[in-house]
Amino acid sequence: MKTLTVFTPAYNRAHTIGRTYESLCRQTSQDFEWLVVDDGSQDNTKELVEEWIKENKISIRYIYQQNQGMHGAHNTAYANIQTELNTCIDSDDYMPDNAVEKIVTFWKEHGSDKYAGILALDQEENTGKIIGTKFPEDMKESTLQGFYAAGGKGDKKLVYRTDVINKYPPYPLFEGERYVGLAYKYMLIDQDYKLLTLNEPLVIVEYQADGSSYNMFKQYWRNPKGFAFFRKTEMVTTKSLKRKFMVCIHYVSSSIISKNKKFIQESPCKFLTLMAIPAGYILYLKIKQSVKNDVKMNIQR
């Protein structure tokens, strides 16, 4: 059996996923399987992947599902991964040629049941620069939240043990919504495990204008139940009182958008949530106005 599964959620990314595939074909180690979870694409993603399977250059599995959003695609991937390790490479990103070799070698040398996996770096395609900050030389292990709490910045690449990622509940699916922050699971894992740090880039990133990291106010407006759920989890797991209060502000705004009148009762931090209501209402108005302005701009175009 292979050691690593590289999984790729894909939604109408036929124009970019070929680059992901080509980078996997160039890997210096073949100790991996590529799992493509097609999240309801309406383009020719399926035909492309079927052709690549016929080429038989690398081991590929393809799963199609009705559109559930990125987190729903992750649920499907985790339910179908059989290898010891897994990592997500988005359909608009790709891996350096020796990334799989780095992951497998590093884990075999340093990995153990003590660790949930590996925390590594992202690299920006256009500039070649590391996104955010590297790990301090003396930081050999960390939780994801611990890294950011210590002043770390920027997106980081996660490689998880499959048995660990599946110990925790799947991402919830809310009717009519397509977004729950992927860090929900990572925050839960942080409570029980640390990650080994690898000061090497494992992915080269190009942010897309229609990617989930863009237009966050739109995401807030369209997926309030998902964001409120995520904020409740973060309230419990974050160590910083300042951060906890900021999370409560966002929780209030999402609850107003979703018209949830029981949000105080459902909050794990009721007093802070009460204190956050004025700021949360202001944030709600800001999100509402931003979405309204965006709709006007689209009409004018």
# chains A, B, ... in the order shown; residues from 1 in each chain; ligands from 1
>>> closest_atom_pairs(of="segment 138-242 of chain A", to="segment 279-293 of chain A", cutoff="10 Å", atoms="only C-alpha atoms", output="JSON lines")
{"residue": "A:Asn215", "atom": "CA", "partner": "A:Val291", "partner_atom": "CA", "distance": 9.4}
{"residue": "A:Met216", "atom": "CA", "partner": "A:Ile287", "partner_atom": "CA", "distance": 9.2}
{"residue": "A:Phe217", "atom": "CA", "partner": "A:Ile287", "partner_atom": "CA", "distance": 5.6}
{"residue": "A:Lys218", "atom": "CA", "partner": "A:Val291", "partner_atom": "CA", "distance": 6.1}
{"residue": "A:Gln219", "atom": "CA", "partner": "A:Val291", "partner_atom": "CA", "distance": 9.7}
{"residue": "A:Tyr220", "atom": "CA", "partner": "A:Ile287", "partner_atom": "CA", "distance": 7.5}
{"residue": "A:Trp221", "atom": "CA", "partner": "A:Ile287", "partner_atom": "CA", "distance": 7.0}
{"residue": "A:Arg222", "atom": "CA", "partner": "A:Val291", "partner_atom": "CA", "distance": 9.9}
>>> write_last_selection(atoms="all heavy atoms", output="CSV table (one decimal), in the first residue's frame")
chain,number,residue,atom,x,y,z
A,215,ASN,N,-13.4,37.1,-1.4
A,215,ASN,CA,-14.8,37.5,-1.2
A,215,ASN,C,-15.4,37.0,0.1
A,215,ASN,O,-16.5,36.4,0.1
A,215,ASN,CB,-15.6,37.1,-2.4
A,215,ASN,CG,-15.1,37.6,-3.7
A,215,ASN,OD1,-14.7,38.8,-3.8
A,215,ASN,ND2,-15.0,36.7,-4.7
A,216,MET,N,-14.7,37.1,1.2
A,216,MET,CA,-15.1,36.5,2.5
A,216,MET,C,-16.5,37.1,2.9
A,216,MET,O,-17.3,36.4,3.5
A,216,MET,CB,-14.1,36.7,3.5
A,216,MET,CG,-12.9,35.7,3.4
A,216,MET,SD,-13.4,34.0,3.1
A,216,MET,CE,-14.2,33.6,4.6
A,217,PHE,N,-16.7,38.4,2.7
A,217,PHE,CA,-18.0,38.9,3.1
A,217,PHE,C,-19.2,38.2,2.4
A,217,PHE,O,-20.2,38.0,3.0
A,217,PHE,CB,-18.1,40.4,2.8
A,217,PHE,CG,-17.4,41.3,3.9
A,217,PHE,CD1,-17.4,42.7,3.8
A,217,PHE,CD2,-16.8,40.7,5.0
A,217,PHE,CE1,-16.8,43.4,4.8
A,217,PHE,CE2,-16.2,41.4,6.0
A,217,PHE,CZ,-16.2,42.8,5.8
A,218,LYS,N,-19.0,37.9,1.1
A,218,LYS,CA,-20.0,37.1,0.4
A,218,LYS,C,-20.2,35.7,1.1
A,218,LYS,O,-21.3,35.2,1.3
A,218,LYS,CB,-19.6,36.8,-1.0
A,218,LYS,CG,-19.8,38.0,-2.0
A,218,LYS,CD,-19.5,37.5,-3.4
A,218,LYS,CE,-19.6,38.7,-4.4
A,218,LYS,NZ,-19.2,38.2,-5.7
A,219,GLN,N,-19.0,35.1,1.5
A,219,GLN,CA,-19.1,33.8,2.2
A,219,GLN,C,-19.9,33.9,3.5
A,219,GLN,O,-20.7,33.1,3.8
A,219,GLN,CB,-17.7,33.3,2.4
A,219,GLN,CG,-16.9,33.0,1.2
A,219,GLN,CD,-17.3,31.6,0.6
A,219,GLN,OE1,-18.4,31.1,0.7
A,219,GLN,NE2,-16.3,31.1,-0.1
A,220,TYR,N,-19.6,35.0,4.2
A,220,TYR,CA,-20.3,35.2,5.5
A,220,TYR,C,-21.8,35.3,5.3
A,220,TYR,O,-22.6,34.7,6.0
A,220,TYR,CB,-19.8,36.5,6.2
A,220,TYR,CG,-18.4,36.5,6.7
A,220,TYR,CD1,-17.7,37.7,6.9
A,220,TYR,CD2,-17.7,35.4,7.0
A,220,TYR,CE1,-16.4,37.8,7.4
A,220,TYR,CE2,-16.4,35.4,7.5
A,220,TYR,CZ,-15.8,36.6,7.6
A,220,TYR,OH,-14.5,36.6,8.1
A,221,TRP,N,-22.2,36.0,4.2
A,221,TRP,CA,-23.6,36.3,4.0
A,221,TRP,C,-24.3,35.0,3.5
A,221,TRP,O,-25.5,34.7,3.9
A,221,TRP,CB,-23.7,37.4,2.9
A,221,TRP,CG,-25.1,37.9,2.8
A,221,TRP,CD1,-26.0,37.6,1.8
A,221,TRP,CD2,-25.8,38.8,3.6
A,221,TRP,NE1,-27.2,38.2,2.0
A,221,TRP,CE2,-27.1,38.9,3.1
A,221,TRP,CE3,-25.5,39.4,4.8
A,221,TRP,CZ2,-28.1,39.8,3.7
A,221,TRP,CZ3,-26.4,40.2,5.4
A,221,TRP,CH2,-27.7,40.4,4.9
A,222,ARG,N,-23.6,34.2,2.7
A,222,ARG,CA,-24.3,33.0,2.1
A,222,ARG,C,-24.2,31.8,3.0
A,222,ARG,O,-25.0,30.9,2.8
A,222,ARG,CB,-23.6,32.7,0.7
A,222,ARG,CG,-23.8,33.7,-0.4
A,222,ARG,CD,-22.9,33.4,-1.5
A,222,ARG,NE,-23.1,34.4,-2.6
A,222,ARG,CZ,-22.3,34.4,-3.7
A,222,ARG,NH1,-21.3,33.6,-3.9
A,222,ARG,NH2,-22.5,35.3,-4.7
>>> residues_around(residues="Ala14 of chain A", least_positions_apart="2", cutoff="10 Å", atoms="only C-alpha atoms", output="NGL selection string")
:A and (10-12 or 16-19 or 41-49 or 91-92)
>>> closest_atom_pairs(of="segment 193-270 of chain A", to="segment 120-129 of chain A", cutoff="6 Å", atoms="only C-alpha atoms", output="Markdown table")
| residue | atom | partner | partner_atom | distance |
| --- | --- | --- | --- | --- |
| A:Thr197 | CA | A:Ala120 | CA | 5.9 |
| A:Leu198 | CA | A:Ala120 | CA | 4.8 |
| A:Asn199 | CA | A:Ala120 | CA | 5.9 |
| A:Glu200 | CA | A:Leu121 | CA | 5.6 |
| A:Pro201 | CA | A:Leu121 | CA | 4.3 |
| A:Val203 | CA | A:Asp122 | CA | 5.3 |
| A:Ile204 | CA | A:Gln123 | CA | 4.8 |
| A:Val205 | CA | A:Glu124 | CA | 5.1 |
| A:Glu206 | CA | A:Glu125 | CA | 5.8 |
>>> write_last_selection(atoms="all heavy atoms", output="PDB file, in the first residue's frame")
ATOM      1  N   THR A 197       7.107  20.057  12.499  1.00  0.00           N
ATOM      2  CA  THR A 197       7.293  21.178  11.571  1.00  0.00           C
ATOM      3  C   THR A 197       8.372  20.852  10.549  1.00  0.00           C
ATOM      4  O   THR A 197       9.432  20.334  10.889  1.00  0.00           O
ATOM      5  CB  THR A 197       7.663  22.469  12.312  1.00  0.00           C
ATOM      6  OG1 THR A 197       8.844  22.261  13.090  1.00  0.00           O
ATOM      7  CG2 THR A 197       6.529  22.910  13.231  1.00  0.00           C
ATOM      8  N   LEU A 198       8.078  21.159   9.308  1.00  0.00           N
ATOM      9  CA  LEU A 198       9.010  20.950   8.197  1.00  0.00           C
ATOM     10  C   LEU A 198       9.167  22.269   7.459  1.00  0.00           C
ATOM     11  O   LEU A 198       8.211  22.762   6.848  1.00  0.00           O
ATOM     12  CB  LEU A 198       8.474  19.867   7.263  1.00  0.00           C
ATOM     13  CG  LEU A 198       9.236  19.600   5.964  1.00  0.00           C
ATOM     14  CD1 LEU A 198      10.669  19.164   6.248  1.00  0.00           C
ATOM     15  CD2 LEU A 198       8.512  18.554   5.124  1.00  0.00           C
ATOM     16  N   ASN A 199      10.329  22.868   7.532  1.00  0.00           N
ATOM     17  CA  ASN A 199      10.575  24.181   6.936  1.00  0.00           C
ATOM     18  C   ASN A 199      10.845  24.087   5.438  1.00  0.00           C
ATOM     19  O   ASN A 199      11.838  24.618   4.929  1.00  0.00           O
ATOM     20  CB  ASN A 199      11.752  24.873   7.637  1.00  0.00           C
ATOM     21  CG  ASN A 199      11.286  26.051   8.487  1.00  0.00           C
ATOM     22  OD1 ASN A 199      10.287  26.683   8.191  1.00  0.00           O
ATOM     23  ND2 ASN A 199      12.022  26.352   9.544  1.00  0.00           N
ATOM     24  N   GLU A 200       9.966  23.400   4.739  1.00  0.00           N
ATOM     25  CA  GLU A 200      10.091  23.225   3.300  1.00  0.00           C
ATOM     26  C   GLU A 200       8.719  23.423   2.659  1.00  0.00           C
ATOM     27  O   GLU A 200       7.697  23.014   3.225  1.00  0.00           O
ATOM     28  CB  GLU A 200      10.599  21.823   2.958  1.00  0.00           C
ATOM     29  CG  GLU A 200      11.969  21.482   3.507  1.00  0.00           C
ATOM     30  CD  GLU A 200      13.095  22.125   2.710  1.00  0.00           C
ATOM     31  OE1 GLU A 200      12.807  22.636   1.608  1.00  0.00           O
ATOM     32  OE2 GLU A 200      14.239  22.086   3.189  1.00  0.00           O
ATOM     33  N   PRO A 201       8.662  24.029   1.467  1.00  0.00           N
ATOM     34  CA  PRO A 201       7.365  24.165   0.774  1.00  0.00           C
ATOM     35  C   PRO A 201       6.932  22.845   0.164  1.00  0.00           C
ATOM     36  O   PRO A 201       7.721  22.165  -0.501  1.00  0.00           O
ATOM     37  CB  PRO A 201       7.648  25.217  -0.304  1.00  0.00           C
ATOM     38  CG  PRO A 201       9.117  25.099  -0.562  1.00  0.00           C
ATOM     39  CD  PRO A 201       9.746  24.695   0.728  1.00  0.00           C
ATOM     40  N   VAL A 203       3.736  22.831  -1.424  1.00  0.00           N
ATOM     41  CA  VAL A 203       2.731  23.205  -2.411  1.00  0.00           C
ATOM     42  C   VAL A 203       3.051  24.580  -2.956  1.00  0.00           C
ATOM     43  O   VAL A 203       3.596  25.432  -2.248  1.00  0.00           O
ATOM     44  CB  VAL A 203       1.310  23.184  -1.789  1.00  0.00           C
ATOM     45  CG1 VAL A 203       1.191  24.193  -0.664  1.00  0.00           C
ATOM     46  CG2 VAL A 203       0.234  23.427  -2.837  1.00  0.00           C
ATOM     47  N   ILE A 204       2.749  24.770  -4.230  1.00  0.00           N
ATOM     48  CA  ILE A 204       2.899  26.074  -4.865  1.00  0.00           C
ATOM     49  C   ILE A 204       1.498  26.577  -5.175  1.00  0.00           C
ATOM     50  O   ILE A 204       0.712  25.908  -5.846  1.00  0.00           O
ATOM     51  CB  ILE A 204       3.746  25.971  -6.146  1.00  0.00           C
ATOM     52  CG1 ILE A 204       5.147  25.450  -5.777  1.00  0.00           C
ATOM     53  CG2 ILE A 204       3.845  27.330  -6.836  1.00  0.00           C
ATOM     54  CD1 ILE A 204       6.023  25.128  -6.964  1.00  0.00           C
ATOM     55  N   VAL A 205       1.198  27.768  -4.654  1.00  0.00           N
ATOM     56  CA  VAL A 205      -0.178  28.262  -4.596  1.00  0.00           C
ATOM     57  C   VAL A 205      -0.398  29.417  -5.555  1.00  0.00           C
ATOM     58  O   VAL A 205       0.426  30.325  -5.664  1.00  0.00           O
ATOM     59  CB  VAL A 205      -0.511  28.724  -3.160  1.00  0.00           C
ATOM     60  CG1 VAL A 205      -1.891  29.346  -3.093  1.00  0.00           C
ATOM     61  CG2 VAL A 205      -0.413  27.541  -2.190  1.00  0.00           C
ATOM     62  N   GLU A 206      -1.531  29.360  -6.252  1.00  0.00           N
ATOM     63  CA  GLU A 206      -2.016  30.505  -7.021  1.00  0.00           C
ATOM     64  C   GLU A 206      -3.464  30.735  -6.610  1.00  0.00           C
ATOM     65  O   GLU A 206      -4.333  29.922  -6.898  1.00  0.00           O
ATOM     66  CB  GLU A 206      -1.944  30.260  -8.528  1.00  0.00           C
ATOM     67  CG  GLU A 206      -2.443  31.457  -9.325  1.00  0.00           C
ATOM     68  CD  GLU A 206      -2.486  31.192 -10.831  1.00  0.00           C
ATOM     69  OE1 GLU A 206      -2.465  30.011 -11.223  1.00  0.00           O
ATOM     70  OE2 GLU A 206      -2.570  32.159 -11.595  1.00  0.00           O
TER      71      GLU A 206
END
>>> closest_residue(among="A:Phe245, A:Leu202, A:Val37, A:Lys261", to="Met275 of chain A", atoms="only C-alpha atoms")
A:Phe245
>>> atom_distance(atom1="atom CA of Glu175 of chain A", atom2="atom CA of Lys270 of chain A")
26.1 Å
>>> atom_distance(atom1="atom CA of Pro172 of chain A", atom2="atom CA of Gly132 of chain A")
29.5 Å
>>> atom_distance(atom1="atom CA of Tyr184 of chain A", atom2="atom CA of His110 of chain A")
26.1 Å
>>> closest_residue(among="A:Arg61, A:Arg231, A:Lys194, A:Lys242", to="Gly181 of chain A", atoms="only C-alpha atoms")
A:Arg231
>>> select_by_dssp(residues="segment 87-208 of chain A", states="strand (DSSP E)", output="ChimeraX atom specification")
/A:87-88,115-124,141-142,156-161,194-205
>>> closest_residue(among="A:Asn67, A:Thr76, A:Thr162, A:Asn223", to="Leu35 of chain A", atoms="only C-alpha atoms")
A:Thr76
>>> select_by_dssp(residues="segment 31-268 of chain A", states="alpha helix (DSSP H)", output="number ranges by chain")
A: 45-55, 70-80, 99-110, 144-149, 162-165, 183-190, 216-222, 224-237, 241-257, 263-266
>>> closest_residue(among="A:Met187, A:Leu196, A:Met70, A:Met139", to="Gly111 of chain A", atoms="only C-alpha atoms")
A:Leu196
>>> residues_around(residues="Ile277 of chain A", least_positions_apart="3", cutoff="9 Å", atoms="only C-alpha atoms", output="list in words")
Cys248, Ile249, Val252, Ser253, Leu272, Thr273, Leu274, Gly280, Tyr281 and Ile282 of chain A
>>> write_last_selection(atoms="N, CA and C atoms", output="PDB file, in the first residue's frame")
ATOM      1  N   CYS A 248     -16.515  35.934  19.078  1.00  0.00           N
ATOM      2  CA  CYS A 248     -17.895  36.184  19.512  1.00  0.00           C
ATOM      3  C   CYS A 248     -18.561  37.261  18.653  1.00  0.00           C
ATOM      4  N   ILE A 249     -17.800  38.275  18.260  1.00  0.00           N
ATOM      5  CA  ILE A 249     -18.332  39.321  17.376  1.00  0.00           C
ATOM      6  C   ILE A 249     -18.789  38.710  16.053  1.00  0.00           C
ATOM      7  N   VAL A 252     -21.939  36.608  16.534  1.00  0.00           N
ATOM      8  CA  VAL A 252     -23.146  37.425  16.615  1.00  0.00           C
ATOM      9  C   VAL A 252     -23.604  37.835  15.220  1.00  0.00           C
ATOM     10  N   SER A 253     -22.695  38.306  14.390  1.00  0.00           N
ATOM     11  CA  SER A 253     -23.074  38.761  13.046  1.00  0.00           C
ATOM     12  C   SER A 253     -23.641  37.613  12.221  1.00  0.00           C
ATOM     13  N   LEU A 272     -19.432  36.679  27.059  1.00  0.00           N
ATOM     14  CA  LEU A 272     -18.677  37.364  26.007  1.00  0.00           C
ATOM     15  C   LEU A 272     -19.557  37.623  24.782  1.00  0.00           C
ATOM     16  N   THR A 273     -20.447  36.703  24.493  1.00  0.00           N
ATOM     17  CA  THR A 273     -21.358  36.887  23.365  1.00  0.00           C
ATOM     18  C   THR A 273     -22.277  38.077  23.613  1.00  0.00           C
ATOM     19  N   LEU A 274     -22.788  38.200  24.822  1.00  0.00           N
ATOM     20  CA  LEU A 274     -23.608  39.365  25.175  1.00  0.00           C
ATOM     21  C   LEU A 274     -22.824  40.657  24.993  1.00  0.00           C
ATOM     22  N   GLY A 280     -20.963  43.072  17.001  1.00  0.00           N
ATOM     23  CA  GLY A 280     -21.445  42.069  16.062  1.00  0.00           C
ATOM     24  C   GLY A 280     -22.510  42.622  15.143  1.00  0.00           C
ATOM     25  N   TYR A 281     -23.359  43.505  15.689  1.00  0.00           N
ATOM     26  CA  TYR A 281     -24.391  44.124  14.854  1.00  0.00           C
ATOM     27  C   TYR A 281     -23.767  45.069  13.830  1.00  0.00           C
ATOM     28  N   ILE A 282     -22.737  45.802  14.245  1.00  0.00           N
ATOM     29  CA  ILE A 282     -22.031  46.691  13.309  1.00  0.00           C
ATOM     30  C   ILE A 282     -21.380  45.876  12.196  1.00  0.00           C
TER      31      ILE A 282
END
>>> closest_residue(among="A:Gly69, A:Gly226, A:Pro96, A:Pro9", to="Gln27 of chain A", atoms="only C-alpha atoms")
A:Pro96
>>> residues_around(residues="Thr83 of chain A", least_positions_apart="3", cutoff="10 Å", atoms="only C-alpha atoms", output="JSON, numbers by chain")
{"A": [1, 2, 3, 4, 5, 6, 32, 33, 80, 86, 161, 162, 163]}
>>> write_last_selection(atoms="C-alpha atoms", output="compact mmCIF listing (two decimals), in the first residue's frame")
# COMPACT_ATOMS: atom_id res chain seq x y z
CA MET A 1 0.00 0.00 0.00
CA LYS A 2 1.12 3.55 -0.69
CA THR A 3 2.12 5.79 2.24
CA LEU A 4 0.43 9.02 1.14
CA THR A 5 -2.83 10.09 -0.47
CA VAL A 6 -2.81 13.45 -2.22
CA PHE A 32 1.33 8.09 -3.24
CA GLU A 33 -2.16 7.85 -4.67
CA ASN A 80 -12.23 6.96 1.25
CA ASN A 86 -2.96 12.38 3.49
CA ARG A 161 -2.37 10.86 9.70
CA THR A 162 -5.55 9.38 8.29
CA ASP A 163 -6.44 7.54 11.50
>>> closest_residue(among="A:Gln68, A:Gln82, A:Thr87, A:Ser112", to="Leu173 of chain A", atoms="only C-alpha atoms")
A:Gln68
>>> decode(residues="segment 274-285 of chain A", atoms="N, CA, C and O atoms", output="PDB file, in the first residue's frame")
ATOM      1  N   LEU A 274     -22.788  38.200  24.822  1.00  0.00           N
ATOM      2  CA  LEU A 274     -23.608  39.365  25.175  1.00  0.00           C
ATOM      3  C   LEU A 274     -22.824  40.657  24.993  1.00  0.00           C
ATOM      4  O   LEU A 274     -23.323  41.640  24.425  1.00  0.00           O
ATOM      5  N   MET A 275     -21.582  40.663  25.465  1.00  0.00           N
ATOM      6  CA  MET A 275     -20.723  41.845  25.341  1.00  0.00           C
ATOM      7  C   MET A 275     -20.437  42.177  23.878  1.00  0.00           C
ATOM      8  O   MET A 275     -20.210  43.339  23.530  1.00  0.00           O
ATOM      9  N   ALA A 276     -20.456  41.163  23.021  1.00  0.00           N
ATOM     10  CA  ALA A 276     -20.085  41.343  21.612  1.00  0.00           C
ATOM     11  C   ALA A 276     -21.244  41.777  20.734  1.00  0.00           C
ATOM     12  O   ALA A 276     -21.047  42.065  19.551  1.00  0.00           O
ATOM     13  N   ILE A 277     -22.451  41.853  21.273  1.00  0.00           N
ATOM     14  CA  ILE A 277     -23.619  42.150  20.446  1.00  0.00           C
ATOM     15  C   ILE A 277     -23.505  43.491  19.707  1.00  0.00           C
ATOM     16  O   ILE A 277     -23.764  43.539  18.487  1.00  0.00           O
ATOM     17  N   PRO A 278     -23.131  44.610  20.362  1.00  0.00           N
ATOM     18  CA  PRO A 278     -23.036  45.874  19.599  1.00  0.00           C
ATOM     19  C   PRO A 278     -22.058  45.791  18.427  1.00  0.00           C
ATOM     20  O   PRO A 278     -22.395  46.184  17.300  1.00  0.00           O
ATOM     21  N   ALA A 279     -20.856  45.256  18.685  1.00  0.00           N
ATOM     22  CA  ALA A 279     -19.855  45.139  17.616  1.00  0.00           C
ATOM     23  C   ALA A 279     -20.297  44.124  16.567  1.00  0.00           C
ATOM     24  O   ALA A 279     -20.049  44.307  15.369  1.00  0.00           O
ATOM     25  N   GLY A 280     -20.963  43.072  17.001  1.00  0.00           N
ATOM     26  CA  GLY A 280     -21.445  42.069  16.062  1.00  0.00           C
ATOM     27  C   GLY A 280     -22.510  42.622  15.143  1.00  0.00           C
ATOM     28  O   GLY A 280     -22.553  42.283  13.958  1.00  0.00           O
ATOM     29  N   TYR A 281     -23.359  43.505  15.689  1.00  0.00           N
ATOM     30  CA  TYR A 281     -24.391  44.124  14.854  1.00  0.00           C
ATOM     31  C   TYR A 281     -23.767  45.069  13.830  1.00  0.00           C
ATOM     32  O   TYR A 281     -24.192  45.110  12.664  1.00  0.00           O
ATOM     33  N   ILE A 282     -22.737  45.802  14.245  1.00  0.00           N
ATOM     34  CA  ILE A 282     -22.031  46.691  13.309  1.00  0.00           C
ATOM     35  C   ILE A 282     -21.380  45.876  12.196  1.00  0.00           C
ATOM     36  O   ILE A 282     -21.433  46.251  11.019  1.00  0.00           O
ATOM     37  N   LEU A 283     -20.779  44.743  12.563  1.00  0.00           N
ATOM     38  CA  LEU A 283     -20.170  43.881  11.551  1.00  0.00           C
ATOM     39  C   LEU A 283     -21.231  43.350  10.596  1.00  0.00           C
ATOM     40  O   LEU A 283     -21.013  43.290   9.379  1.00  0.00           O
ATOM     41  N   TYR A 284     -22.375  42.973  11.115  1.00  0.00           N
ATOM     42  CA  TYR A 284     -23.491  42.521  10.279  1.00  0.00           C
ATOM     43  C   TYR A 284     -23.875  43.593   9.263  1.00  0.00           C
ATOM     44  O   TYR A 284     -24.049  43.298   8.064  1.00  0.00           O
ATOM     45  N   LEU A 285     -23.976  44.855   9.707  1.00  0.00           N
ATOM     46  CA  LEU A 285     -24.325  45.952   8.795  1.00  0.00           C
ATOM     47  C   LEU A 285     -23.245  46.143   7.731  1.00  0.00           C
ATOM     48  O   LEU A 285     -23.553  46.405   6.564  1.00  0.00           O
TER      49      LEU A 285
END
